[in-house]
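Shown next: entry_33.tsv, given as TSV, C-alpha atoms and all ligand atoms.
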```tsv
chain	number	residue	atom	x	y	z
A	1	GLN	CA	-15.18	29.34	-9.85
A	2	MET	CA	-17.87	30.79	-7.55
A	3	GLY	CA	-19.63	27.44	-8.02
A	4	PHE	CA	-17.46	25.95	-5.30
A	5	TYR	CA	-19.16	28.22	-2.83
A	6	GLN	CA	-22.64	28.79	-4.27
A	7	ASP	CA	-23.85	25.44	-5.61
A	8	PRO	CA	-26.66	24.42	-3.21
A	9	ASP	CA	-26.07	20.73	-4.00
A	10	ASN	CA	-22.35	21.08	-3.48
A	11	ARG	CA	-21.08	17.70	-2.40
A	12	ALA	CA	-18.73	19.57	-0.10
A	13	LYS	CA	-21.71	19.80	2.23
A	14	MET	CA	-21.81	16.01	2.52
A	15	LEU	CA	-18.16	15.05	2.23
A	16	PRO	CA	-15.17	16.34	4.18
A	17	VAL	CA	-13.04	19.07	2.60
A	18	SER	CA	-9.61	19.24	4.23
A	19	TYR	CA	-7.10	16.43	4.66
A	20	THR	CA	-7.50	16.40	8.42
A	21	GLU	CA	-11.28	16.03	8.10
A	22	TRP	CA	-10.92	13.09	5.70
A	23	GLU	CA	-8.42	11.52	8.06
A	24	GLU	CA	-10.74	11.95	11.06
A	25	LYS	CA	-13.69	10.51	9.17
A	26	ALA	CA	-11.63	7.53	8.00
A	27	LYS	CA	-10.59	6.91	11.59
A	28	GLU	CA	-14.25	6.75	12.62
A	29	ILE	CA	-15.07	4.27	9.85
A	30	LEU	CA	-12.07	1.94	9.81
A	31	ALA	CA	-11.06	-0.65	12.40
A	32	ALA	CA	-7.82	0.05	14.28
A	33	GLY	CA	-5.78	-2.36	12.14
A	34	PRO	CA	-6.49	-0.90	8.69
A	35	PHE	CA	-6.50	2.70	9.93
A	36	GLY	CA	-3.16	2.18	11.69
A	37	TYR	CA	-1.71	0.58	8.57
A	38	VAL	CA	-2.58	3.61	6.42
A	39	ASN	CA	-2.00	6.31	8.99
A	40	GLY	CA	1.11	4.83	10.58
A	41	ALA	CA	4.74	5.47	9.88
A	42	ALA	CA	8.11	4.03	10.82
A	43	GLY	CA	9.47	4.36	14.35
A	44	ALA	CA	8.64	7.58	16.14
A	45	GLY	CA	6.97	8.99	13.02
A	46	ASP	CA	9.61	11.73	12.82
A	47	THR	CA	10.04	11.49	9.06
A	48	MET	CA	6.32	11.48	8.36
A	49	LYS	CA	6.03	14.65	10.40
A	50	ALA	CA	9.18	16.13	8.87
A	51	ASN	CA	7.68	15.65	5.40
A	52	GLU	CA	4.73	17.88	6.23
A	53	ASP	CA	6.77	20.36	8.29
A	54	ALA	CA	9.25	20.91	5.46
A	55	PHE	CA	6.53	22.47	3.32
A	56	LYS	CA	5.84	25.00	6.05
A	57	ARG	CA	9.42	26.27	5.93
A	58	TYR	CA	8.87	27.65	2.44
A	59	ARG	CA	6.61	30.61	1.79
A	60	ILE	CA	5.08	31.58	-1.52
A	61	ARG	CA	5.82	35.13	-2.69
A	62	PRO	CA	3.10	36.03	-5.21
A	63	ARG	CA	3.42	38.31	-8.22
A	64	ILE	CA	0.51	40.65	-8.83
A	65	CYS	CA	-1.17	42.47	-11.72
A	66	ARG	CA	-0.57	39.59	-14.12
A	67	ASP	CA	-3.25	38.25	-16.41
A	68	THR	CA	-4.17	34.78	-15.20
A	69	THR	CA	-7.59	34.59	-16.82
A	70	LYS	CA	-6.63	31.68	-19.08
A	71	ARG	CA	-4.98	28.93	-17.09
A	72	SER	CA	-3.67	25.44	-17.72
A	73	MET	CA	-2.02	22.95	-15.42
A	74	GLU	CA	-1.14	20.56	-18.24
A	75	ILE	CA	2.22	18.82	-18.10
A	76	SER	CA	4.10	16.48	-20.36
A	77	LEU	CA	5.94	13.38	-19.12
A	78	PHE	CA	7.64	10.75	-21.29
A	79	GLY	CA	5.87	12.09	-24.36
A	80	ASN	CA	2.38	12.00	-22.81
A	81	LYS	CA	0.30	15.00	-21.84
A	82	TYR	CA	-1.50	14.95	-18.49
A	83	PRO	CA	-4.09	17.51	-17.35
A	84	VAL	CA	-2.56	18.18	-13.93
A	85	PRO	CA	0.86	17.69	-12.31
A	86	ILE	CA	-0.57	15.25	-9.76
A	87	LEU	CA	-0.56	11.44	-9.88
A	88	PHE	CA	-2.03	8.76	-7.63
A	89	ALA	CA	0.82	7.18	-5.65
A	90	PRO	CA	1.02	3.40	-5.66
A	91	ILE	CA	-0.70	2.10	-2.55
A	92	GLY	CA	-1.03	-1.61	-2.00
A	93	VAL	CA	-3.71	-3.77	-0.47
A	94	ASN	CA	-6.66	-1.33	-0.77
A	95	SER	CA	-8.97	-4.22	0.20
A	96	ILE	CA	-8.28	-3.33	3.84
A	97	VAL	CA	-10.25	-0.09	3.41
A	98	HIS	CA	-12.77	-0.89	0.65
A	99	CYS	CA	-14.47	-4.08	-0.56
A	100	GLU	CA	-13.63	-3.27	-4.20
A	101	ALA	CA	-9.98	-2.66	-3.28
A	102	GLU	CA	-8.09	-0.68	-5.97
A	103	VAL	CA	-10.98	-0.47	-8.46
A	104	PRO	CA	-12.71	2.72	-7.15
A	105	ALA	CA	-9.49	4.76	-7.08
A	106	ALA	CA	-8.52	3.54	-10.55
A	107	LYS	CA	-11.96	4.59	-11.83
A	108	ALA	CA	-11.73	7.98	-10.12
A	109	ALA	CA	-8.28	8.57	-11.65
A	110	ALA	CA	-9.61	7.57	-15.07
A	111	SER	CA	-12.54	9.97	-14.81
A	112	LEU	CA	-10.11	12.83	-14.16
A	113	GLY	CA	-7.44	11.74	-16.65
A	114	MET	CA	-4.85	11.58	-13.87
A	115	PRO	CA	-2.29	8.77	-14.04
A	116	TYR	CA	-3.02	5.98	-11.59
A	117	ILE	CA	0.06	4.10	-10.39
A	118	LEU	CA	-1.02	0.57	-9.56
A	119	SER	CA	0.89	-1.04	-6.71
A	120	ASN	CA	2.67	-4.34	-7.24
A	121	VAL	CA	0.91	-5.52	-4.07
A	122	SER	CA	-2.61	-4.64	-5.17
A	123	THR	CA	-5.41	-7.00	-4.24
A	124	VAL	CA	-6.87	-6.68	-7.75
A	125	PRO	CA	-4.65	-7.97	-10.60
A	126	MET	CA	-3.33	-5.45	-13.12
A	127	GLU	CA	-5.40	-6.84	-16.01
A	128	LYS	CA	-8.63	-6.14	-14.14
A	129	ILE	CA	-7.48	-2.57	-13.39
A	130	ALA	CA	-6.67	-2.13	-17.09
A	131	GLU	CA	-10.18	-3.31	-17.95
A	132	VAL	CA	-11.92	-0.77	-15.71
A	133	MET	CA	-9.61	2.07	-16.79
A	134	GLY	CA	-10.04	1.70	-20.57
A	135	ASP	CA	-7.63	4.05	-22.35
A	136	SER	CA	-6.92	6.19	-19.28
A	137	PRO	CA	-3.33	6.66	-18.19
A	138	ARG	CA	-1.84	4.15	-15.79
A	139	TRP	CA	1.64	3.21	-14.60
A	140	PHE	CA	2.72	0.03	-12.84
A	141	GLN	CA	4.83	-0.03	-9.68
A	142	LEU	CA	7.24	-2.91	-9.14
A	143	TYR	CA	8.84	-4.17	-5.96
A	144	PRO	CA	11.68	-5.80	-7.87
A	145	PRO	CA	11.47	-9.56	-7.24
A	146	LYS	CA	14.61	-11.61	-6.69
A	147	ASP	CA	13.52	-13.95	-9.47
A	148	ARG	CA	14.33	-12.49	-12.87
A	149	GLU	CA	11.75	-14.59	-14.69
A	150	LEU	CA	9.08	-13.20	-12.36
A	151	THR	CA	10.42	-9.70	-12.97
A	152	LYS	CA	10.13	-10.20	-16.72
A	153	SER	CA	6.65	-11.64	-16.37
A	154	PHE	CA	5.38	-8.63	-14.38
A	155	LEU	CA	6.93	-6.24	-16.91
A	156	LYS	CA	5.48	-8.07	-19.89
A	157	ARG	CA	2.02	-8.23	-18.31
A	158	ALA	CA	2.13	-4.51	-17.51
A	159	GLU	CA	3.07	-3.69	-21.11
A	160	THR	CA	0.32	-5.91	-22.51
A	161	ALA	CA	-2.24	-4.39	-20.12
A	162	GLY	CA	-1.51	-0.86	-21.35
A	163	PHE	CA	0.54	0.52	-18.45
A	164	SER	CA	2.78	3.24	-19.87
A	165	ALA	CA	5.58	3.50	-17.27
A	166	ILE	CA	7.18	1.32	-14.62
A	167	VAL	CA	7.96	2.68	-11.15
A	168	VAL	CA	10.57	0.58	-9.35
A	169	THR	CA	10.30	1.16	-5.60
A	170	ILE	CA	13.61	0.61	-3.89
A	171	ASP	CA	13.14	1.90	-0.34
A	172	SER	CA	11.19	-1.13	0.89
A	173	THR	CA	13.22	-4.28	0.34
A	174	LEU	CA	12.55	-4.71	4.07
A	175	LEU	CA	9.40	-3.54	5.81
A	176	GLY	CA	9.98	-0.58	8.16
A	177	TRP	CA	9.54	-0.73	11.95
A	178	ARG	CA	5.85	0.18	12.21
A	179	GLU	CA	4.68	0.31	15.78
A	180	GLN	CA	0.97	0.75	15.04
A	181	ASP	CA	1.00	-2.48	13.03
A	182	LEU	CA	3.04	-4.28	15.69
A	183	ARG	CA	0.57	-3.15	18.33
A	184	ASN	CA	-2.40	-4.24	16.20
A	185	ALA	CA	-0.61	-7.39	14.97
A	186	PHE	CA	-1.71	-6.26	11.50
A	187	LEU	CA	-0.07	-7.53	8.32
A	188	PRO	CA	-2.80	-7.96	5.68
A	189	PHE	CA	-0.54	-9.71	3.16
A	190	LEU	CA	-0.50	-13.00	5.07
A	191	THR	CA	-4.23	-13.48	4.43
A	192	GLY	CA	-3.85	-13.26	0.67
A	193	GLN	CA	-4.79	-9.57	0.38
A	194	GLY	CA	-2.42	-7.61	-1.84
A	195	MET	CA	-1.53	-10.76	-3.76
A	196	GLY	CA	-3.59	-10.09	-6.91
A	197	ASN	CA	-0.61	-9.75	-9.22
A	198	TYR	CA	1.35	-12.67	-7.76
A	199	PHE	CA	-1.45	-15.21	-7.63
A	200	SER	CA	-2.40	-14.47	-11.24
A	201	ASP	CA	1.16	-14.82	-12.49
A	202	PRO	CA	2.15	-18.06	-14.25
A	203	VAL	CA	5.83	-17.69	-13.32
A	204	PHE	CA	5.01	-17.06	-9.68
A	205	LEU	CA	2.66	-20.05	-9.57
A	206	SER	CA	5.37	-22.20	-11.15
A	207	ILE	CA	7.86	-21.44	-8.36
A	208	LEU	CA	5.42	-22.43	-5.60
A	209	ASP	CA	5.52	-25.92	-4.10
A	210	GLN	CA	1.74	-25.83	-3.64
A	211	ARG	CA	-0.92	-23.63	-5.19
A	212	PRO	CA	-2.25	-20.73	-3.06
A	213	GLU	CA	-5.58	-22.58	-2.58
A	214	GLU	CA	-3.65	-25.46	-0.97
A	215	ASP	CA	-1.29	-23.47	1.23
A	216	LEU	CA	-2.25	-19.79	1.34
A	217	LYS	CA	0.23	-18.72	3.99
A	218	ALA	CA	3.22	-20.33	2.25
A	219	ALA	CA	2.22	-18.65	-1.05
A	220	CYS	CA	1.96	-15.24	0.64
A	221	GLN	CA	5.29	-15.73	2.38
A	222	LYS	CA	6.92	-16.66	-0.93
A	223	ALA	CA	5.61	-13.45	-2.54
A	224	LEU	CA	6.88	-11.35	0.37
A	225	ALA	CA	10.24	-13.14	0.25
A	226	GLU	CA	10.55	-12.26	-3.46
A	227	GLY	CA	10.17	-8.59	-2.50
A	228	ASN	CA	12.74	-8.78	0.31
A	229	ASN	CA	15.34	-8.14	-2.36
A	230	THR	CA	18.08	-6.71	-0.13
A	231	CYS	CA	20.82	-7.48	-2.66
A	232	PHE	CA	19.20	-5.40	-5.42
A	233	SER	CA	21.98	-3.47	-7.18
A	234	TRP	CA	22.41	-0.82	-9.87
A	235	LYS	CA	23.07	-3.67	-12.32
A	236	ASP	CA	19.62	-5.06	-11.49
A	237	LEU	CA	18.05	-1.69	-12.24
A	238	GLU	CA	19.86	-1.69	-15.56
A	239	TYR	CA	18.56	-5.20	-16.23
A	240	ILE	CA	14.98	-4.05	-15.62
A	241	THR	CA	15.36	-1.08	-17.95
A	242	GLN	CA	16.66	-3.45	-20.64
A	243	GLN	CA	13.67	-5.78	-20.34
A	244	THR	CA	11.05	-3.19	-21.20
A	245	GLU	CA	10.38	-0.51	-23.75
A	246	LEU	CA	8.57	1.51	-21.09
A	247	PRO	CA	10.22	4.35	-19.17
A	248	VAL	CA	11.42	3.11	-15.76
A	249	LEU	CA	11.35	5.50	-12.79
A	250	LEU	CA	13.20	4.80	-9.55
A	251	LYS	CA	11.13	5.62	-6.46
A	252	GLY	CA	12.69	6.11	-3.05
A	253	VAL	CA	15.61	8.37	-3.97
A	254	THR	CA	16.71	11.19	-1.64
A	255	HIS	CA	20.49	11.40	-2.20
A	256	PRO	CA	21.78	13.31	-5.24
A	257	ASP	CA	24.49	10.69	-5.91
A	258	ASP	CA	21.84	7.96	-6.05
A	259	ALA	CA	19.81	10.09	-8.45
A	260	LEU	CA	22.83	10.32	-10.74
A	261	LEU	CA	23.53	6.58	-10.45
A	262	ALA	CA	19.88	5.87	-11.29
A	263	ALA	CA	20.13	8.01	-14.43
A	264	GLU	CA	23.44	6.34	-15.38
A	265	HIS	CA	21.84	2.91	-15.03
A	266	GLY	CA	18.94	3.65	-17.32
A	267	ALA	CA	16.25	5.25	-15.15
A	268	ALA	CA	14.03	7.54	-17.20
A	269	GLY	CA	12.81	9.37	-14.11
A	270	ILE	CA	13.27	9.73	-10.36
A	271	VAL	CA	10.68	9.82	-7.61
A	272	VAL	CA	12.07	11.62	-4.57
A	273	SER	CA	10.23	9.71	-1.86
A	274	ASN	CA	10.65	8.28	1.62
A	275	HIS	CA	7.49	6.18	1.30
A	276	GLY	CA	5.50	8.72	3.31
A	277	GLY	CA	7.84	8.23	6.28
A	278	ARG	CA	6.89	4.55	6.53
A	279	GLN	CA	10.33	3.07	6.01
A	280	LEU	CA	13.36	4.88	7.47
A	281	ASP	CA	12.46	6.85	10.56
A	282	GLY	CA	14.63	9.91	11.03
A	283	ALA	CA	15.19	10.19	7.27
A	284	ILE	CA	15.38	13.53	5.50
A	285	ALA	CA	12.07	15.09	4.40
A	286	THR	CA	11.51	14.80	0.67
A	287	LEU	CA	11.12	18.54	0.10
A	288	GLU	CA	14.51	19.01	1.80
A	289	ALA	CA	16.03	16.39	-0.48
A	290	LEU	CA	14.48	17.72	-3.70
A	291	PRO	CA	16.73	20.73	-4.52
A	292	SER	CA	20.01	18.79	-4.37
A	293	VAL	CA	18.55	15.92	-6.42
A	294	CYS	CA	17.33	18.38	-9.09
A	295	GLU	CA	20.67	20.15	-9.09
A	296	ALA	CA	22.49	16.84	-9.70
A	297	ILE	CA	20.06	15.73	-12.41
A	298	GLU	CA	20.23	19.05	-14.33
A	299	HIS	CA	16.92	18.44	-16.16
A	300	LYS	CA	18.31	15.29	-17.83
A	301	ILE	CA	15.30	13.26	-16.64
A	302	PRO	CA	12.10	14.27	-14.81
A	303	VAL	CA	12.16	14.35	-11.02
A	304	LEU	CA	8.85	13.68	-9.24
A	305	LEU	CA	8.19	13.99	-5.52
A	306	ASP	CA	5.88	12.48	-2.94
A	307	SER	CA	5.46	12.24	0.84
A	308	GLY	CA	3.51	14.93	2.65
A	309	ILE	CA	1.55	16.51	-0.23
A	310	ARG	CA	-1.70	17.61	1.39
A	311	ARG	CA	-2.74	20.87	-0.29
A	312	GLY	CA	-2.39	23.09	-3.32
A	313	ALA	CA	0.36	25.11	-1.67
A	314	ASP	CA	2.41	21.92	-1.20
A	315	VAL	CA	2.06	21.05	-4.88
A	316	LEU	CA	3.22	24.53	-5.93
A	317	LYS	CA	6.18	24.49	-3.54
A	318	ALA	CA	7.36	21.09	-4.84
A	319	LEU	CA	7.07	22.28	-8.44
A	320	ALA	CA	8.90	25.52	-7.57
A	321	LEU	CA	11.79	23.52	-6.12
A	322	GLY	CA	12.17	21.48	-9.29
A	323	ALA	CA	9.62	18.64	-9.30
A	324	SER	CA	7.93	17.92	-12.64
A	325	ALA	CA	4.93	16.44	-10.84
A	326	VAL	CA	3.88	15.09	-7.45
A	327	LEU	CA	2.28	11.90	-6.16
A	328	VAL	CA	-0.35	11.89	-3.49
A	329	GLY	CA	-0.78	8.91	-1.17
A	330	ARG	CA	-2.72	8.77	2.09
A	331	PRO	CA	-5.23	11.52	1.21
A	332	TYR	CA	-6.91	9.48	-1.53
A	333	ILE	CA	-6.94	6.35	0.60
A	334	TYR	CA	-8.91	8.24	3.23
A	335	GLY	CA	-11.26	9.33	0.44
A	336	LEU	CA	-11.60	5.68	-0.59
A	337	ALA	CA	-12.35	4.59	2.97
A	338	VAL	CA	-14.96	7.31	3.52
A	339	ALA	CA	-16.83	7.33	0.21
A	340	GLY	CA	-15.32	4.90	-2.33
A	341	GLU	CA	-14.91	6.22	-5.86
A	342	ALA	CA	-16.78	9.46	-5.04
A	343	GLY	CA	-14.49	10.01	-2.07
A	344	VAL	CA	-11.31	9.51	-4.08
A	345	LYS	CA	-12.68	11.80	-6.77
A	346	ALA	CA	-13.59	14.49	-4.25
A	347	VAL	CA	-10.13	14.38	-2.64
A	348	ALA	CA	-8.47	14.68	-6.05
A	349	GLU	CA	-10.83	17.38	-7.31
A	350	ASN	CA	-10.32	19.46	-4.19
A	351	LEU	CA	-6.54	19.18	-4.49
A	352	ILE	CA	-6.67	20.10	-8.17
A	353	ALA	CA	-9.04	23.02	-7.59
A	354	GLU	CA	-6.97	24.39	-4.73
A	355	THR	CA	-3.74	24.05	-6.70
A	356	GLU	CA	-5.22	25.84	-9.71
A	357	LEU	CA	-6.66	28.61	-7.58
A	358	GLN	CA	-3.40	29.08	-5.73
A	359	MET	CA	-1.49	29.14	-9.02
A	360	ALA	CA	-3.71	31.94	-10.30
A	361	ILE	CA	-3.60	33.92	-7.07
A	362	CYS	CA	0.19	33.86	-7.07
A	363	GLY	CA	0.23	35.27	-10.59
A	364	ARG	CA	1.05	32.17	-12.65
A	365	LYS	CA	-1.13	30.77	-15.43
A	366	SER	CA	0.75	27.60	-16.32
A	367	ILE	CA	3.06	25.04	-14.75
A	368	GLU	CA	5.98	26.31	-16.88
A	369	GLU	CA	5.71	29.65	-15.10
A	370	ILE	CA	6.41	28.04	-11.73
A	371	ASP	CA	10.08	28.23	-10.80
A	372	SER	CA	12.24	28.79	-7.74
A	373	SER	CA	11.40	32.51	-7.70
A	374	LEU	CA	7.96	31.51	-6.40
A	375	VAL	CA	9.21	30.51	-2.94
A	376	LEU	CA	11.43	31.79	-0.16
A	377	LYS	CA	12.90	29.60	2.56
A	378	MET	CA	12.15	30.84	6.07
B	401	LIG	C1	2.25	3.17	0.48
B	401	LIG	N1	3.29	3.39	-0.42
B	401	LIG	C2	3.60	2.43	-1.36
B	401	LIG	N2	4.59	2.66	-2.27
B	401	LIG	C3	4.86	1.75	-3.23
B	401	LIG	O1	5.74	2.00	-4.05
B	401	LIG	N3	4.15	0.58	-3.30
B	401	LIG	C4	3.16	0.27	-2.41
B	401	LIG	O2	2.54	-0.77	-2.51
B	401	LIG	C5	2.89	1.21	-1.38
B	401	LIG	N4	1.93	0.95	-0.45
B	401	LIG	C6	1.58	1.93	0.47
B	401	LIG	C7	0.53	1.68	1.36
B	401	LIG	C8	0.10	2.68	2.22
B	401	LIG	C9	-1.05	2.43	3.14
B	401	LIG	C10	0.75	3.94	2.20
B	401	LIG	C11	0.28	5.08	3.08
B	401	LIG	C12	1.81	4.17	1.36
B	401	LIG	C13	3.98	4.69	-0.46
B	401	LIG	C14	3.26	5.65	-1.40
B	401	LIG	O3	3.42	5.28	-2.74
B	401	LIG	C15	3.80	7.08	-1.26
B	401	LIG	O4	5.19	7.08	-1.40
B	401	LIG	C16	3.41	7.73	0.05
B	401	LIG	O5	2.13	7.37	0.46
B	401	LIG	C17	3.49	9.25	-0.10
B	401	LIG	O6	3.29	9.87	1.09
B	401	LIG	P1	1.88	10.49	1.59
B	401	LIG	O7	1.26	11.24	0.43
B	401	LIG	O8	1.06	9.33	2.04
B	401	LIG	O9	2.33	11.35	2.69
```

Mind converting the file's structure to structure tokens?
Amino acid sequence: QMGFYQDPDNRAKMLPVSYTEWEEKAKEILAAGPFGYVNGAAGAGDTMKANEDAFKRYRIRPRICRDTTKRSMEISLFGNKYPVPILFAPIGVNSIVHCEAEVPAAKAAASLGMPYILSNVSTVPMEKIAEVMGDSPRWFQLYPPKDRELTKSFLKRAETAGFSAIVVTIDSTLLGWREQDLRNAFLPFLTGQGMGNYFSDPVFLSILDQRPEEDLKAACQKALAEGNNTCFSWKDLEYITQQTELPVLLKGVTHPDDALLAAEHGAAGIVVSNHGGRQLDGAIATLEALPSVCEAIEHKIPVLLDSGIRRGADVLKALALGASAVLVGRPYIYGLAVAGEAGVKAVAENLIAETELQMAICGRKSIEEIDSSLVLKM
């Protein structure tokens, strides 16, 4: 453990350490459009801020004189064991921050054994991500298309390419009001970025009037229109769960009644998320939403959380309030922008190391030992 501090070649000397430093560095490197797209939020940014602030309203109360010499952060989800309770959140269109798009983050996740959730709107198609990840754990995120044949095609391809869970994101059937992007007139999808899974899909190509090479803009608009699925219903969720053998999680839940409806309609897991505050401005912070969702679900299915996870303390607080695992979003994208695969790996390793250290210092040696007695609300 002293290695963190004593290693003379410690990469920490070259790369940033804290989230704010990564963010600052990314701002220096990226043009205003891409930086604003990653950094921005919906409306006044109140929900993005609320996400982070909510963690500060809980304080950890450590237990002392407990043997924490042997520690493990291993968790089990849907029958698979993972080394840490942290996953890479699905983030689309990584080509705006790195020339290899999603590949470096997928490789970094693979090297750490952490599940990588590939976005539906990735620039690199899912089969290519599968190729670079080998046997390492990966999940596929779906913006449920209106077209059921396209839905089935995405699900089938994900199964064939070795993705082991499907995350249906339901908070973004319309794109939020994002002022940074409006100001920068920045929407990368209309240039073909983020279209890797659509443009490689036979069903999608069959519903186009002209191939993407002939009319790029029309093809991009068609893909976006498929995702503007504002009539998506609980029956449609049930349909998706019936089309695949894989566990289906619903991402974008903050109301306990919706969590229950999701479980009733076949969801195998819930992701309490507000898309990092990028969709509904003024919405409840995810950490505030978590306890009532967990209470409603009563351990029937796992509840995961994202939005605002920045440090080890945040991870522990989310687990204490009932999350089985957390997803981290913007931090690894800043790592990607600053230093590619090494940057993503450093961000993840720092978060893991801090979480493990914090866990030990508060007198817990495994994730099972983390419960609501760990935190007090201020
Ligand atoms: C996202 N998010 C997201 N979610 C999703 O289901 N599919 C996607 O394609 C994207 N794309 C995306 C792009 C960018 C630039 C950001 C910042 C976020 C939301 C993401 O999965 C996650 O919910 C949030 O990023 C979590 O919040 P933090 O960790 O960024 O605060």

Check which residues fall inside 7 Å of ligand LIG 401 (chain B) when counting only C-alpha atoms and all ligand atoms, and print them as a ChimeraX atom specification.
/A:37-39,48,89-92,119-122,141,169,251,273-276,306-309,327-331

May I ask which of the residues A:Gly196, A:Val293, A:Tyr143, A:Leu190 is the closest one to Asn228 of chain A, counting only C-alpha atoms?
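Under the stated criterion, the closest residue is A:Tyr143.
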
Atom pair atom CA of Lys107 of chain A / atom CA of Ala342 of chain A: separation (Å)
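Going from atom CA of Lys107 of chain A over to atom CA of Ala342 of chain A, I get 9.6 Å.
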
Please indicate the distance in Å from atom CA of Val271 of chain A to atom CA of Gly252 of chain A, rounded to one decimal place.
6.2 Å

Ranking A:Gly343, A:Gly43, A:Gly194, A:Gly162 by minimum distance to Met133 of chain A and counting all atoms listed in the file, which one comes first?
A:Gly162

So how far away is atom CA of Ser366 of chain A from atom CA of Ile75 of chain A, in Å?
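Rounded to one decimal, the two atoms are 9.1 Å apart.
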
Residue nearest Pro202 of chain A - candidates A:Glu149, A:Phe55, A:Ser72, A:Tyr82, atoms counted: all atoms listed in the file
A:Glu149

I'd like the neighbourhood of Gly322 of chain A as a count of residues only, where a residue qualifies if any of its atoms comes within 8 Å (using all atoms listed in the file), though same-chain residues fewer than 4 positions away should be ignored.
7

Closest of A:Leu351, A:Ile129, A:Leu118, A:Met73 to Val103 of chain A - atom-to-atom distances counting all atoms listed in the file
A:Ile129

Residues near segment 266-269 of chain A, cut-off 10 Å, all atoms listed in the file, skip fewer than 2 positions along chain, as an MDAnalysis selection string:
chainID A and resid 77:78 165:168 234:235 237:242 246:251 259:264 271:272 297 300:304 324

Please write the residues from the selection above to a file, keeping C-alpha atoms, as a PDB file, in the frame of the given file.
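Okay, part-v7.pdb is ready:
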```
ATOM      1  CA  LEU A  77       5.940  13.380 -19.120  1.00  0.00           C
ATOM      2  CA  PHE A  78       7.640  10.750 -21.290  1.00  0.00           C
ATOM      3  CA  ALA A 165       5.580   3.500 -17.270  1.00  0.00           C
ATOM      4  CA  ILE A 166       7.180   1.320 -14.620  1.00  0.00           C
ATOM      5  CA  VAL A 167       7.960   2.680 -11.150  1.00  0.00           C
ATOM      6  CA  VAL A 168      10.570   0.580  -9.350  1.00  0.00           C
ATOM      7  CA  TRP A 234      22.410  -0.820  -9.870  1.00  0.00           C
ATOM      8  CA  LYS A 235      23.070  -3.670 -12.320  1.00  0.00           C
ATOM      9  CA  LEU A 237      18.050  -1.690 -12.240  1.00  0.00           C
ATOM     10  CA  GLU A 238      19.860  -1.690 -15.560  1.00  0.00           C
ATOM     11  CA  TYR A 239      18.560  -5.200 -16.230  1.00  0.00           C
ATOM     12  CA  ILE A 240      14.980  -4.050 -15.620  1.00  0.00           C
ATOM     13  CA  THR A 241      15.360  -1.080 -17.950  1.00  0.00           C
ATOM     14  CA  GLN A 242      16.660  -3.450 -20.640  1.00  0.00           C
ATOM     15  CA  LEU A 246       8.570   1.510 -21.090  1.00  0.00           C
ATOM     16  CA  PRO A 247      10.220   4.350 -19.170  1.00  0.00           C
ATOM     17  CA  VAL A 248      11.420   3.110 -15.760  1.00  0.00           C
ATOM     18  CA  LEU A 249      11.350   5.500 -12.790  1.00  0.00           C
ATOM     19  CA  LEU A 250      13.200   4.800  -9.550  1.00  0.00           C
ATOM     20  CA  LYS A 251      11.130   5.620  -6.460  1.00  0.00           C
ATOM     21  CA  ALA A 259      19.810  10.090  -8.450  1.00  0.00           C
ATOM     22  CA  LEU A 260      22.830  10.320 -10.740  1.00  0.00           C
ATOM     23  CA  LEU A 261      23.530   6.580 -10.450  1.00  0.00           C
ATOM     24  CA  ALA A 262      19.880   5.870 -11.290  1.00  0.00           C
ATOM     25  CA  ALA A 263      20.130   8.010 -14.430  1.00  0.00           C
ATOM     26  CA  GLU A 264      23.440   6.340 -15.380  1.00  0.00           C
ATOM     27  CA  VAL A 271      10.680   9.820  -7.610  1.00  0.00           C
ATOM     28  CA  VAL A 272      12.070  11.620  -4.570  1.00  0.00           C
ATOM     29  CA  ILE A 297      20.060  15.730 -12.410  1.00  0.00           C
ATOM     30  CA  LYS A 300      18.310  15.290 -17.830  1.00  0.00           C
ATOM     31  CA  ILE A 301      15.300  13.260 -16.640  1.00  0.00           C
ATOM     32  CA  PRO A 302      12.100  14.270 -14.810  1.00  0.00           C
ATOM     33  CA  VAL A 303      12.160  14.350 -11.020  1.00  0.00           C
ATOM     34  CA  LEU A 304       8.850  13.680  -9.240  1.00  0.00           C
ATOM     35  CA  SER A 324       7.930  17.920 -12.640  1.00  0.00           C
TER      36      SER A 324
END
```

Kindly indicate which residue among A:Val93, A:Val347, A:Ala323, A:Leu280 lies nearest to Thr191 of chain A, using all atoms listed in the file for the distances.
A:Val93

Measuring atom to atom with all atoms listed in the file, identify which of A:His299, A:Lys49, A:Arg71, A:Lys56 is nearest to Lys317 of chain A.
A:Lys56

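Neighbours of segment 175-180 of chain A closer than or equal to 9 Å, with all atoms listed in the file counted and sequence neighbours fewer than 3 positions away skipped, come out as Ala32, Gly33, Gly36, Tyr37, Asn39, Gly40, Ala41, Ala42, Gly43, Ala44, Gly45, Ser172, Arg183, Asn184, Ala185, Phe186, Asn228, Arg278, Gln279, Leu280 and Asp281 of chain A.
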
Excluding Thr244 of chain A and residues on its chain fewer than 5 positions from it, collect all residues at most 9 Å away from it, counting all atoms listed in the file, and give them as a list in words.
Lys152, Leu155, Lys156, Glu159 and Ile166 of chain A

Next, dump the selected residues to file, keeping only C-alpha atoms, as a PDB file, in the frame of the given file.
```
ATOM      1  CA  LYS A 152      10.130 -10.200 -16.720  1.00  0.00           C
ATOM      2  CA  LEU A 155       6.930  -6.240 -16.910  1.00  0.00           C
ATOM      3  CA  LYS A 156       5.480  -8.070 -19.890  1.00  0.00           C
ATOM      4  CA  GLU A 159       3.070  -3.690 -21.110  1.00  0.00           C
ATOM      5  CA  ILE A 166       7.180   1.320 -14.620  1.00  0.00           C
TER       6      ILE A 166
END
```
